[in-house]
Structures are given as structure tokens and as C-alpha cells.
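K.L.:
What follows is input-v2.tsv, made up of TSV, C-alpha atoms and all ligand atoms:
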```
chain	number	residue	atom	x	y	z
A	1	MET	CA	171.28	263.15	-3.05
A	2	ALA	CA	173.53	263.26	-6.10
A	3	GLN	CA	177.24	263.62	-5.53
A	4	ALA	CA	178.90	266.82	-6.59
A	5	PRO	CA	181.55	266.20	-9.28
A	6	ASP	CA	185.16	265.92	-8.18
A	7	LEU	CA	187.09	269.09	-8.63
A	8	THR	CA	190.35	268.90	-10.49
A	9	ALA	CA	193.25	270.74	-8.91
A	10	PRO	CA	193.37	274.39	-9.98
A	11	LYS	CA	196.00	275.15	-12.61
A	12	ARG	CA	197.30	277.99	-10.52
A	13	PRO	CA	196.76	277.39	-6.80
A	14	VAL	CA	195.42	280.40	-4.93
A	15	SER	CA	195.57	280.93	-1.20
A	16	HIS	CA	195.00	283.86	1.07
A	17	SER	CA	198.57	284.96	0.85
A	18	THR	CA	198.62	284.85	-2.95
A	19	LEU	CA	195.31	286.61	-3.49
A	20	GLY	CA	195.76	290.18	-4.69
A	21	ARG	CA	195.17	293.03	-2.30
A	22	ALA	CA	191.84	293.95	-3.91
A	23	GLN	CA	190.53	290.40	-3.69
A	24	ARG	CA	191.55	290.07	-0.09
A	25	TRP	CA	189.66	293.26	0.70
A	26	SER	CA	186.63	292.08	-1.20
A	27	TRP	CA	186.68	288.82	0.75
A	28	MET	CA	186.97	290.62	4.11
A	29	PHE	CA	184.29	293.11	3.14
A	30	GLN	CA	181.73	290.39	2.28
A	31	ARG	CA	182.22	288.94	5.75
A	32	ILE	CA	182.20	292.14	7.79
A	33	SER	CA	179.28	293.69	5.90
A	34	GLY	CA	177.42	290.38	6.14
A	35	VAL	CA	177.54	290.37	9.93
A	36	VAL	CA	176.41	294.01	10.15
A	37	LEU	CA	173.67	293.43	7.55
A	38	ILE	CA	172.13	290.63	9.58
A	39	VAL	CA	171.47	293.05	12.43
A	40	LEU	CA	170.22	295.83	10.13
A	41	ILE	CA	167.99	293.73	7.86
A	42	PHE	CA	166.49	291.58	10.62
A	43	THR	CA	165.64	294.76	12.56
A	44	HIS	CA	164.16	296.29	9.39
A	45	LEU	CA	161.99	293.24	8.74
A	46	PHE	CA	161.00	292.89	12.39
A	47	ILE	CA	159.77	296.48	12.64
A	48	ASN	CA	158.17	296.80	9.20
A	49	LEU	CA	156.78	293.31	8.67
A	50	TRP	CA	156.24	291.66	12.05
A	51	TRP	CA	155.64	294.35	14.66
A	52	GLY	CA	152.34	296.24	14.86
A	53	ASP	CA	150.09	295.59	11.88
A	54	GLY	CA	152.84	294.05	9.77
A	55	ILE	CA	152.55	294.70	6.07
A	56	ASN	CA	149.17	296.43	6.49
A	57	GLN	CA	150.64	299.33	8.47
A	58	ILE	CA	152.94	300.47	5.68
A	59	ASP	CA	151.87	303.67	3.98
A	60	PHE	CA	153.20	307.18	3.49
A	61	ALA	CA	152.41	308.21	7.08
A	62	PHE	CA	154.32	305.21	8.46
A	63	VAL	CA	157.42	305.91	6.37
A	64	ALA	CA	157.24	309.65	7.10
A	65	GLY	CA	156.99	308.95	10.83
A	66	LYS	CA	160.16	306.86	10.65
A	67	LEU	CA	162.23	309.00	8.29
A	68	ALA	CA	161.47	312.19	10.25
A	69	SER	CA	164.02	310.83	12.76
A	70	PRO	CA	167.75	311.05	12.01
A	71	PHE	CA	168.19	307.65	13.63
A	72	TRP	CA	166.19	305.86	10.93
A	73	GLN	CA	167.69	308.04	8.20
A	74	TRP	CA	171.19	306.90	9.13
A	75	PHE	CA	170.06	303.37	9.84
A	76	ASP	CA	168.53	303.13	6.35
A	77	PHE	CA	171.55	304.83	4.80
A	78	LEU	CA	173.90	302.26	6.32
A	79	MET	CA	171.64	299.40	5.27
A	80	LEU	CA	171.32	300.82	1.74
A	81	THR	CA	175.04	301.30	1.14
A	82	LEU	CA	176.22	298.09	2.80
A	83	ALA	CA	173.59	295.91	1.13
A	84	MET	CA	174.20	297.45	-2.30
A	85	ILE	CA	177.99	297.18	-2.11
A	86	HIS	CA	177.84	293.66	-0.66
A	87	GLY	CA	175.26	292.57	-3.26
A	88	ALA	CA	177.07	294.25	-6.16
A	89	ASN	CA	180.39	292.75	-5.10
A	90	GLY	CA	178.77	289.31	-5.01
A	91	MET	CA	177.19	289.90	-8.43
A	92	ARG	CA	180.59	290.96	-9.78
A	93	MET	CA	182.07	287.59	-8.78
A	94	ILE	CA	179.13	285.72	-10.26
A	95	ILE	CA	179.44	287.59	-13.60
A	96	ASP	CA	183.15	286.75	-13.65
A	97	ASP	CA	182.28	283.10	-13.11
A	98	TYR	CA	179.67	282.71	-15.84
A	99	ALA	CA	180.28	285.36	-18.52
A	100	ARG	CA	183.05	283.80	-20.57
A	101	ASN	CA	182.93	286.12	-23.56
A	102	PRO	CA	185.06	289.22	-22.71
A	103	ALA	CA	182.81	291.76	-24.44
A	104	TRP	CA	179.68	290.36	-22.83
A	105	ARG	CA	181.41	290.25	-19.47
A	106	ALA	CA	182.52	293.89	-19.72
A	107	THR	CA	178.98	294.92	-20.70
A	108	LEU	CA	177.48	293.13	-17.70
A	109	GLN	CA	180.07	294.54	-15.30
A	110	TRP	CA	179.39	298.07	-16.51
A	111	ALA	CA	175.64	297.61	-16.32
A	112	LEU	CA	176.11	296.40	-12.75
A	113	ARG	CA	178.30	299.36	-11.76
A	114	ILE	CA	175.94	301.90	-13.31
A	115	ALA	CA	172.85	300.34	-11.71
A	116	THR	CA	174.59	300.21	-8.32
A	117	VAL	CA	175.64	303.87	-8.40
A	118	ILE	CA	172.18	305.00	-9.53
A	119	ILE	CA	170.40	303.05	-6.80
A	120	VAL	CA	172.76	304.17	-4.01
A	121	VAL	CA	172.55	307.85	-5.07
A	122	LEU	CA	168.78	307.74	-5.53
A	123	GLY	CA	168.23	305.95	-2.22
A	124	THR	CA	170.47	308.39	-0.36
A	125	LEU	CA	168.72	311.42	-1.89
A	126	VAL	CA	165.35	309.99	-0.89
A	127	LEU	CA	166.47	309.46	2.70
A	128	PHE	CA	167.98	312.91	3.21
A	129	THR	CA	165.76	315.20	1.08
A	130	PHE	CA	162.55	313.61	2.28
A	131	ASP	CA	159.78	315.94	3.52
A	132	PRO	CA	157.38	314.15	5.89
A	133	CYS	CA	154.80	316.97	5.58
A	134	PRO	CA	154.59	318.10	1.92
A	135	ALA	CA	152.66	321.40	1.88
A	136	ASP	CA	150.18	320.56	-0.89
A	137	ALA	CA	149.38	317.01	0.24
A	138	ASP	CA	146.08	315.65	1.55
A	139	PRO	CA	146.43	316.04	5.37
A	140	SER	CA	144.67	312.72	6.04
A	141	LEU	CA	147.61	310.88	4.42
A	142	LEU	CA	150.27	312.55	6.58
A	143	PRO	CA	151.77	311.38	9.90
A	144	SER	CA	150.35	312.92	13.09
A	145	LEU	CA	153.52	314.94	13.69
A	146	CYS	CA	152.47	317.25	10.82
A	147	GLU	CA	149.47	318.56	12.81
A	148	ASP	CA	151.74	320.67	15.00
A	149	ILE	CA	153.11	322.63	12.09
B	1	MET	CA	184.93	282.92	-7.34
B	2	SER	CA	188.56	281.91	-7.19
B	3	PRO	CA	189.58	278.35	-6.32
B	4	ALA	CA	190.35	279.56	-2.80
B	5	THR	CA	186.69	278.98	-2.04
B	6	THR	CA	186.72	275.31	-3.05
B	7	LEU	CA	187.09	274.55	0.65
B	8	TYR	CA	183.36	274.29	1.03
B	9	ARG	CA	182.39	272.82	-2.31
B	10	GLY	CA	181.40	269.18	-2.65
B	11	HIS	CA	178.77	267.29	-0.63
B	12	GLU	CA	176.45	269.44	1.49
B	13	GLY	CA	178.70	272.42	1.04
B	14	MET	CA	178.10	272.33	-2.72
B	15	TRP	CA	174.33	272.45	-2.34
B	16	MET	CA	174.56	275.22	0.20
B	17	TRP	CA	176.78	277.09	-2.23
B	18	VAL	CA	174.01	276.89	-4.84
B	19	VAL	CA	171.49	278.07	-2.23
B	20	HIS	CA	173.76	280.96	-1.24
B	21	ARG	CA	174.20	282.13	-4.85
B	22	THR	CA	170.56	281.88	-5.78
B	23	THR	CA	169.32	283.68	-2.67
B	24	GLY	CA	172.01	286.37	-3.00
B	25	VAL	CA	171.02	287.13	-6.60
B	26	ALA	CA	167.30	287.10	-5.79
B	27	VAL	CA	167.72	289.53	-2.88
B	28	PHE	CA	169.92	291.80	-4.98
B	29	PHE	CA	167.24	292.19	-7.66
B	30	PHE	CA	164.58	292.69	-5.00
B	31	LEU	CA	166.65	295.48	-3.46
B	32	LEU	CA	166.90	297.35	-6.78
B	33	VAL	CA	163.10	297.37	-7.08
B	34	HIS	CA	162.64	298.08	-3.38
B	35	VAL	CA	164.69	301.30	-3.46
B	36	LEU	CA	162.68	302.43	-6.50
B	37	ASP	CA	159.33	301.80	-4.81
B	38	THR	CA	160.50	303.55	-1.63
B	39	ALA	CA	161.58	306.51	-3.79
B	40	LEU	CA	157.89	307.12	-4.54
B	41	VAL	CA	157.65	308.86	-1.15
B	42	ARG	CA	159.38	311.76	-2.94
B	43	VAL	CA	156.71	311.81	-5.65
B	44	SER	CA	153.56	312.07	-3.55
B	45	PRO	CA	151.82	310.33	-0.65
B	46	GLU	CA	149.16	309.09	-3.09
B	47	ALA	CA	151.71	307.52	-5.46
B	48	TYR	CA	153.48	305.71	-2.62
B	49	ASN	CA	150.27	304.46	-1.02
B	50	GLU	CA	148.94	303.24	-4.34
B	51	VAL	CA	151.99	301.10	-5.13
B	52	ILE	CA	152.49	299.84	-1.57
B	53	GLY	CA	148.77	299.00	-1.52
B	54	SER	CA	149.36	296.34	-4.15
B	55	TYR	CA	151.95	294.73	-1.82
B	56	LYS	CA	149.15	293.95	0.61
B	57	THR	CA	147.44	291.46	-1.70
B	58	PRO	CA	147.59	287.66	-1.19
B	59	LEU	CA	149.91	287.14	-4.16
B	60	TYR	CA	152.45	289.58	-2.75
B	61	ALA	CA	152.08	288.09	0.73
B	62	ILE	CA	153.48	284.87	-0.73
B	63	ILE	CA	156.27	286.71	-2.55
B	64	GLU	CA	157.17	288.52	0.68
B	65	ALA	CA	157.30	285.20	2.51
B	66	GLY	CA	159.65	283.90	-0.17
B	67	LEU	CA	161.81	286.98	0.17
B	68	VAL	CA	162.07	286.57	3.93
B	69	ALA	CA	162.93	282.90	3.43
B	70	ALA	CA	165.67	283.83	0.95
B	71	ILE	CA	167.17	286.47	3.25
B	72	ALA	CA	167.07	284.14	6.26
B	73	LEU	CA	168.76	281.29	4.39
B	74	HIS	CA	171.40	283.58	2.90
B	75	ALA	CA	172.08	285.20	6.28
B	76	PHE	CA	172.36	281.98	8.32
B	77	ASN	CA	174.38	280.26	5.64
B	78	GLY	CA	176.59	283.35	5.39
B	79	LEU	CA	177.37	282.96	9.09
B	80	ARG	CA	178.20	279.31	8.48
B	81	ILE	CA	180.59	280.24	5.67
B	82	ILE	CA	182.31	282.79	7.91
B	83	ALA	CA	182.62	280.24	10.72
B	84	VAL	CA	184.00	277.52	8.45
B	85	ASP	CA	186.57	279.95	7.04
B	86	ARG	CA	187.68	281.07	10.46
B	87	SER	CA	187.79	278.01	12.64
B	88	THR	CA	188.95	274.45	12.14
B	89	TRP	CA	186.34	273.32	14.66
B	90	ALA	CA	183.61	274.64	12.38
B	91	LEU	CA	185.35	273.08	9.39
B	92	ARG	CA	185.30	269.67	11.07
B	93	HIS	CA	181.63	270.12	11.99
B	94	GLN	CA	180.47	271.25	8.53
B	95	ARG	CA	177.63	268.72	8.41
B	96	GLN	CA	176.21	269.72	11.76
B	97	LEU	CA	176.49	273.38	10.84
B	98	VAL	CA	174.47	272.81	7.66
B	99	TRP	CA	171.81	271.30	9.91
B	100	ALA	CA	172.06	274.30	12.20
B	101	VAL	CA	171.39	276.60	9.26
B	102	TRP	CA	168.20	274.73	8.32
B	103	ILE	CA	167.01	274.50	11.94
B	104	GLY	CA	167.59	278.22	12.50
B	105	PHE	CA	165.75	278.87	9.25
B	106	ALA	CA	162.81	276.67	10.28
B	107	ILE	CA	162.49	278.38	13.67
B	108	LEU	CA	162.57	281.83	12.11
B	109	MET	CA	159.93	280.93	9.51
B	110	LEU	CA	157.70	279.36	12.20
B	111	GLY	CA	157.84	282.65	14.10
B	112	PHE	CA	157.24	284.75	11.02
B	113	LEU	CA	154.89	282.92	8.66
B	114	PRO	CA	151.74	282.50	10.81
B	115	ARG	CA	151.80	286.14	11.83
B	116	HIS	CA	152.53	287.41	8.34
B	117	LEU	CA	149.80	285.28	6.77
B	118	MET	CA	147.32	286.45	9.42
B	119	HIS	CA	148.19	290.06	8.59
B	120	ALA	CA	147.90	289.46	4.89
B	121	PHE	CA	144.77	287.30	4.81
B	122	GLY	CA	142.84	289.15	7.52
B	123	GLY	CA	142.31	287.87	11.01
B	124	ALA	CA	144.88	289.78	13.01
C	201	LIG	C1	171.75	289.26	5.91
C	201	LIG	C2	173.02	289.27	6.06
C	201	LIG	C3	174.01	288.71	5.03
C	201	LIG	C4	175.04	287.87	5.32
C	201	LIG	C5	175.45	287.31	6.70
C	201	LIG	C6	175.72	287.60	4.07
C	201	LIG	C7	176.87	286.84	3.96
C	201	LIG	C8	177.56	286.63	2.80
C	201	LIG	C9	178.89	286.05	2.70
C	201	LIG	C10	179.75	285.59	3.88
C	201	LIG	C11	179.21	286.00	1.38
C	201	LIG	C12	180.53	285.48	0.77
C	201	LIG	C13	180.39	284.04	0.36
C	201	LIG	C14	181.68	283.48	-0.20
C	201	LIG	O1	182.77	284.09	-0.03
C	201	LIG	O2	181.60	282.41	-0.82
C	201	LIG	C15	178.07	286.51	0.63
C	201	LIG	C16	177.99	286.54	-0.76
C	201	LIG	C17	176.96	287.15	-1.45
C	201	LIG	N1	175.91	287.88	-0.91
C	201	LIG	FE1	175.50	288.06	1.05
C	201	LIG	N2	175.06	288.25	3.05
C	201	LIG	C18	174.02	288.96	3.59
C	201	LIG	C19	173.14	289.78	2.89
C	201	LIG	C20	173.09	289.93	1.50
C	201	LIG	C21	172.21	290.82	0.77
C	201	LIG	C22	171.20	291.79	1.41
C	201	LIG	C23	172.45	290.63	-0.57
C	201	LIG	C24	171.81	291.30	-1.77
C	201	LIG	C25	171.66	292.60	-1.88
C	201	LIG	C26	173.49	289.63	-0.68
C	201	LIG	C27	174.01	289.14	-1.86
C	201	LIG	C28	175.12	288.34	-1.97
C	201	LIG	C29	175.67	287.85	-3.22
C	201	LIG	C30	175.09	288.11	-4.62
C	201	LIG	C31	176.81	287.09	-2.89
C	201	LIG	C32	177.75	286.34	-3.87
C	201	LIG	C33	177.39	284.87	-3.84
C	201	LIG	C34	178.39	283.99	-4.59
C	201	LIG	O3	179.49	284.44	-4.93
C	201	LIG	O4	178.04	282.82	-4.79
C	201	LIG	N3	173.86	289.23	0.60
C	201	LIG	N4	177.08	286.90	1.51
C	202	LIG	C1	158.82	292.46	2.51
C	202	LIG	C2	159.76	292.93	3.26
C	202	LIG	C3	160.07	294.41	3.37
C	202	LIG	C4	159.23	295.45	3.64
C	202	LIG	C5	157.73	295.39	3.89
C	202	LIG	C6	160.04	296.65	3.64
C	202	LIG	C7	159.53	297.93	3.86
C	202	LIG	C8	160.28	299.09	3.78
C	202	LIG	C9	159.78	300.41	4.08
C	202	LIG	C10	158.36	300.73	4.55
C	202	LIG	C11	160.78	301.31	3.87
C	202	LIG	C12	160.72	302.82	4.09
C	202	LIG	C13	161.69	303.34	5.13
C	202	LIG	C14	161.73	302.55	6.42
C	202	LIG	O1	160.72	301.95	6.84
C	202	LIG	O2	162.82	302.52	7.05
C	202	LIG	C15	161.94	300.55	3.43
C	202	LIG	C16	163.17	301.07	3.10
C	202	LIG	C17	164.31	300.33	2.83
C	202	LIG	N1	164.41	298.95	2.83
C	202	LIG	FE1	162.90	297.64	3.12
C	202	LIG	N2	161.35	296.32	3.38
C	202	LIG	C18	161.41	294.96	3.21
C	202	LIG	C19	162.53	294.22	2.95
C	202	LIG	C20	163.81	294.74	2.79
C	202	LIG	C21	165.02	293.94	2.58
C	202	LIG	C22	165.06	292.41	2.51
C	202	LIG	C23	166.06	294.81	2.47
C	202	LIG	C24	167.54	294.54	2.26
C	202	LIG	C25	168.01	293.75	1.37
C	202	LIG	C26	165.51	296.16	2.58
C	202	LIG	C27	166.24	297.32	2.48
C	202	LIG	C28	165.72	298.60	2.54
C	202	LIG	C29	166.49	299.82	2.32
C	202	LIG	C30	167.98	299.88	1.94
C	202	LIG	C31	165.60	300.91	2.49
C	202	LIG	C32	165.95	302.41	2.33
C	202	LIG	C33	165.59	302.80	0.90
C	202	LIG	C34	166.02	304.21	0.53
C	202	LIG	O3	167.20	304.56	0.69
C	202	LIG	O4	165.18	304.97	0.02
C	202	LIG	N3	164.14	296.06	2.79
C	202	LIG	N4	161.61	299.20	3.39
```
Please express what this file holds, its structure, as C-alpha cells.

P.N.:
Amino acid sequence: MAQAPDLTAPKRPVSHSTLGRAQRWSWMFQRISGVVLIVLIFTHLFINLWWGDGINQIDFAFVAGKLASPFWQWFDFLMLTLAMIHGANGMRMIIDDYARNPAWRATLQWALRIATVIIVVLGTLVLFTFDPCPADADPSLLPSLCEDI
Amino acid sequence: MSPATTLYRGHEGMWMWVVHRTTGVAVFFFLLVHVLDTALVRVSPEAYNEVIGSYKTPLYAIIEAGLVAAIALHAFNGLRIIAVDRSTWALRHQRQLVWAVWIGFAILMLGFLPRHLMHAFGGA
């Protein structure tokens, strides 16, 4: 395996105590959200991709059956917000690392912020305005809980 | 990031840093698309089923396996980074912990892949 190049000493040494408040928070947040996300995402994958019929079971009725319960609504909400903020915060650091030109960097950072807000708002609306039994839909595509209505 | 993170660059740590970045970016872009496809449940049952149906093809089965691999590597390596930052024991045992990440990854994929491929390619 090739050796990684030696790193020269940073011009301005940075340690935990000299990091700004915002950076220290960002660092803590990546770690705390990471630990919570492991539980959420592994559960998500286990239930949707491994349990039952795996990928074949996923259709409107399956999603409706899950999202009819407040438990999964809040579970998905937490997973959505934590994963998006964690991912966007990581992407922010990566853009800072590679985008050297200030105008280009600002453009990328704004594109990232806008995309993140849109996805979090859209995902949240979907989770909480979702109707598992739309009135005009083909009944054969709906979850069994709709029969009682 | 800032030079504060140079602690785990160099040697194995450097390669794991590349793995961590690449998987993090890949999962981020997946998540953007994933929220959009899930949003189709608000359009109509037919629209959602149609798009999700294409995720049940062999090509997508492979992509899904890659996604699970990326998430698993990022997650286990993330735990390693947290451990190395927090404890000097973990810092001294960096090499072994890199092995632990790959072994945990291998075990998870052995539990997941056969079942997923059976679902995707018929059989079970
Ligand atoms: C499954 C649980 C996860 C864990 C335990 C985890 C852990 C971590 C940790 C500890 C860091 C900070 C690394 C550092 O300071 O050098 C990090 C960075 C990052 N994570 Fe995660 N993460 C998880 C899930 C995710 C998800 C779902 C995404 C995408 C939406 C993501 C995207 C990123 C990105 C882009 C970075 C920045 C990488 C870099 O700066 O090189 N992670 N992750
Ligand atoms: C191939 C693997 C995956 C499959 C088959 C899958 C399937 C699904 C399904 C069926 C839903 C609908 C609601 C529910 O079941 O709770 C959903 C929602 C969701 N998934 Fe996944 N998922 C996968 C991977 C992931 C990963 C890796 C992440 C995290 C990075 C993730 C994050 C989410 C989020 C945040 C939602 C809620 C979306 C919203 O707010 O509308 N999924 N997924």
C-alpha cells in the first residue's frame, strides 16, 4: 500500500480549545447524530429491506401501513432531519476543503443550503400530511386498514 | 476539515478517511433522491408503485447492495473515529480498530447480501 504523504505542520495550529464555538458544536453534532443515526438507519434498513419480503414488499400499501402510525411518522422525521443536517454539515466541510475560488465556494454552499431546506421541508410535509386512504384511489392498492372506513 | 482532524490521517487512517468521505457523499446524494421518490406517496398510489417497481429490478438490487455497503462502512468507521477521538486506548489500537471496521462490515454484508439477492432474483 502506498504511503500517505507527510503532512507539514499547520501554519496556525488548531486544537479543541481554539476552535470557534460554531465549529466545536458542528464537531459534537456529527458525533452525537452519528450514533443516533446508526440505530435509526439500521432499523429502517432491517425492516424495509431484510424483514418480510425485503425489497419486494415495498409499495404504497406498505408505506401507508407504516405511516398511519405516529411512531413511524416521528421515527422517519427524526431520521430525515438528523441525516440531512449531518450530511449537509459534512458536505459543507468538504466544499470548504476543495472549492478554493471564493465565488464558486459561495455558490456551492448556497446550493447546498437551499437543497437541504427544500428536502427537509418536503420530507416533513410528506410524513405529516400523508393520507393512507386517498378517497379516489383504486382500493386494491390501499392498505387493509382502509377497509374499515 | 481543519487541521485538528490530522490525528487520524496518514497510514490506514488516511485510507479510511477517503472511504469515509466517499461513502458520506454517496449516501447524501442518495438521500436527496430517496426523499423525492418517497414524496410520490402524496401524488398517487399508482405513481409511487410505478417508480418503486423499478427498484425491484436486478440492476437496482446491485445498487441497493452498494448503498447498504456504503452506509455500513460509513457507520462503523464513524464509530471508530468517535472512539479514537475520545480514548487514548483506541488511539493506540488504531490498526486493530481499522480491522474491526472491516470485520464488522464483512459480517453485516454476509447477513444481508444472500437474503437481499434472493429477494431480488427470485427464490425467496
Ligand atoms: C449511520 C450512522 C452514521 C455515523 C455513525 C456517522 C458518523 C460520522 C462522523 C463521526 C463524522 C465526522 C468525521 C470527522 O469528524 O472526520 C461523519 C462525517 C460525515 N458524514 Fe456521517 N455518519 C453516519 C451517517 C451519515 C449519513 C446518513 C450521511 C449522509 C446523509 C453522512 C454523511 C457524512 C458526510 C458527508 C461527512 C463528512 C465527511 C468528511 O468530512 O470527510 N453520514 N459521519
Ligand atoms: C435500499 C434501501 C432503502 C429502502 C428500500 C428504503 C425504503 C424506504 C421506504 C419504503 C420509505 C417510506 C416510509 C417508511 O418505510 O418508513 C422510506 C422513507 C425514508 N427513508 Fe428509506 N430506504 C432505504 C434506505 C434509506 C437510507 C440509507 C436512509 C438514510 C440515509 C433512508 C432514509 C429515509 C428517510 C429519511 C425516509 C422518510 C422520507 C420522508 O420524509 O418522506 N432510507 N425509505

K.L.:
With a cut-off of 8 Å, could you pull out the residues of chain B touching ligand LIG 202 (chain C) and give me the nearest pair of atoms for each, distance in Å to one decimal, using all atoms listed in the file, ordered by chain and ascending number, as CSV?

P.N.:
```
residue,atom,partner,partner_atom,distance
B:Val27,CA,C:LIG202,C25,6.0
B:Phe28,CA,C:LIG202,C25,6.9
B:Phe30,CA,C:LIG202,C25,7.3
B:Leu31,CA,C:LIG202,C25,5.3
B:His34,CA,C:LIG202,N1,6.5
B:Val35,CA,C:LIG202,C33,4.7
B:Leu36,CA,C:LIG202,O4,7.4
B:Thr38,CA,C:LIG202,O4,5.2
B:Ala39,CA,C:LIG202,O4,5.5
B:Glu64,CA,C:LIG202,C1,4.6
B:Ala65,CA,C:LIG202,C1,7.4
B:Leu67,CA,C:LIG202,C1,6.7
B:Val68,CA,C:LIG202,C22,6.7
B:Ile71,CA,C:LIG202,C22,6.3
```

K.L.:
Name the closest residue to ligand LIG 201 (chain C) among the candidates B:Ser44, B:Ser87, B:Asn49, B:Asn77; distances are taken between atoms, counting all atoms listed in the file.

P.N.:
B:Asn77

K.L.:
Could you check how far atom C31 of ligand LIG 201 (chain C) sits from atom CA of B:Val101, in Å to one decimal?

P.N.:
16.9 Å

K.L.:
Which residue out of A:Ile58, A:Ile119, A:Leu37, A:Cys133 has the minimum interatomic distance to ligand LIG 201 (chain C) when all atoms listed in the file are used?

P.N.:
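The shortest atom-to-atom distance to ligand LIG 201 (chain C) comes from A:Leu37.
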
K.L.:
Kindly give the distance, in Å, that separates atom CA of A:Pro132 and atom CA of A:Asp53, rounded to a single decimal.

P.N.:
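Going from atom CA of A:Pro132 over to atom CA of A:Asp53 covers 20.8 Å.
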
K.L.:
Give me, please, the distance in Å between atom CA of B:Asp85 and atom CA of B:Met14, quoted to one decimal.

P.N.:
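These two atoms are separated by 15.0 Å.
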
K.L.:
Return as JSON, numbers by chain the residues of protein, DNA or RNA that approach ligand LIG 201 (chain C) to within 7 Å, with only C-alpha atoms and all ligand atoms taken into account.

P.N.:
{"A": [27, 30, 31, 34, 35, 37, 38, 41, 83, 84, 86, 87, 88, 90, 91, 93, 94], "B": [1, 5, 17, 20, 21, 24, 25, 27, 28, 31, 71, 72, 74, 75, 76, 78, 79, 81, 82]}

K.L.:
Would you mind exporting C-alpha atoms of the selected residues as a short mmCIF file (atom, residue, chain, number, x, y, z; two decimals), in the frame of the given file?

P.N.:
```
data_model
loop_
_atom_site.label_atom_id
_atom_site.label_comp_id
_atom_site.auth_asym_id
_atom_site.auth_seq_id
_atom_site.Cartn_x
_atom_site.Cartn_y
_atom_site.Cartn_z
CA TRP A 27 186.68 288.82 0.75
CA GLN A 30 181.73 290.39 2.28
CA ARG A 31 182.22 288.94 5.75
CA GLY A 34 177.42 290.38 6.14
CA VAL A 35 177.54 290.37 9.93
CA LEU A 37 173.67 293.43 7.55
CA ILE A 38 172.13 290.63 9.58
CA ILE A 41 167.99 293.73 7.86
CA ALA A 83 173.59 295.91 1.13
CA MET A 84 174.20 297.45 -2.30
CA HIS A 86 177.84 293.66 -0.66
CA GLY A 87 175.26 292.57 -3.26
CA ALA A 88 177.07 294.25 -6.16
CA GLY A 90 178.77 289.31 -5.01
CA MET A 91 177.19 289.90 -8.43
CA MET A 93 182.07 287.59 -8.78
CA ILE A 94 179.13 285.72 -10.26
CA MET B 1 184.93 282.92 -7.34
CA THR B 5 186.69 278.98 -2.04
CA TRP B 17 176.78 277.09 -2.23
CA HIS B 20 173.76 280.96 -1.24
CA ARG B 21 174.20 282.13 -4.85
CA GLY B 24 172.01 286.37 -3.00
CA VAL B 25 171.02 287.13 -6.60
CA VAL B 27 167.72 289.53 -2.88
CA PHE B 28 169.92 291.80 -4.98
CA LEU B 31 166.65 295.48 -3.46
CA ILE B 71 167.17 286.47 3.25
CA ALA B 72 167.07 284.14 6.26
CA HIS B 74 171.40 283.58 2.90
CA ALA B 75 172.08 285.20 6.28
CA PHE B 76 172.36 281.98 8.32
CA GLY B 78 176.59 283.35 5.39
CA LEU B 79 177.37 282.96 9.09
CA ILE B 81 180.59 280.24 5.67
CA ILE B 82 182.31 282.79 7.91
#
```

K.L.:
Would you place a box with edges along x, y and z of the file around all atoms of stretch 20-30 of chain A listed there, add 4 Å to each of its six sides, and report the centre and edge lengths in Å to one decimal, as lines of an AutoDock Vina configuration file?

P.N.:
```
center_x = 188.7
center_y = 291.4
center_z = -0.3
size_x = 22.0
size_y = 13.1
size_z = 16.8
```
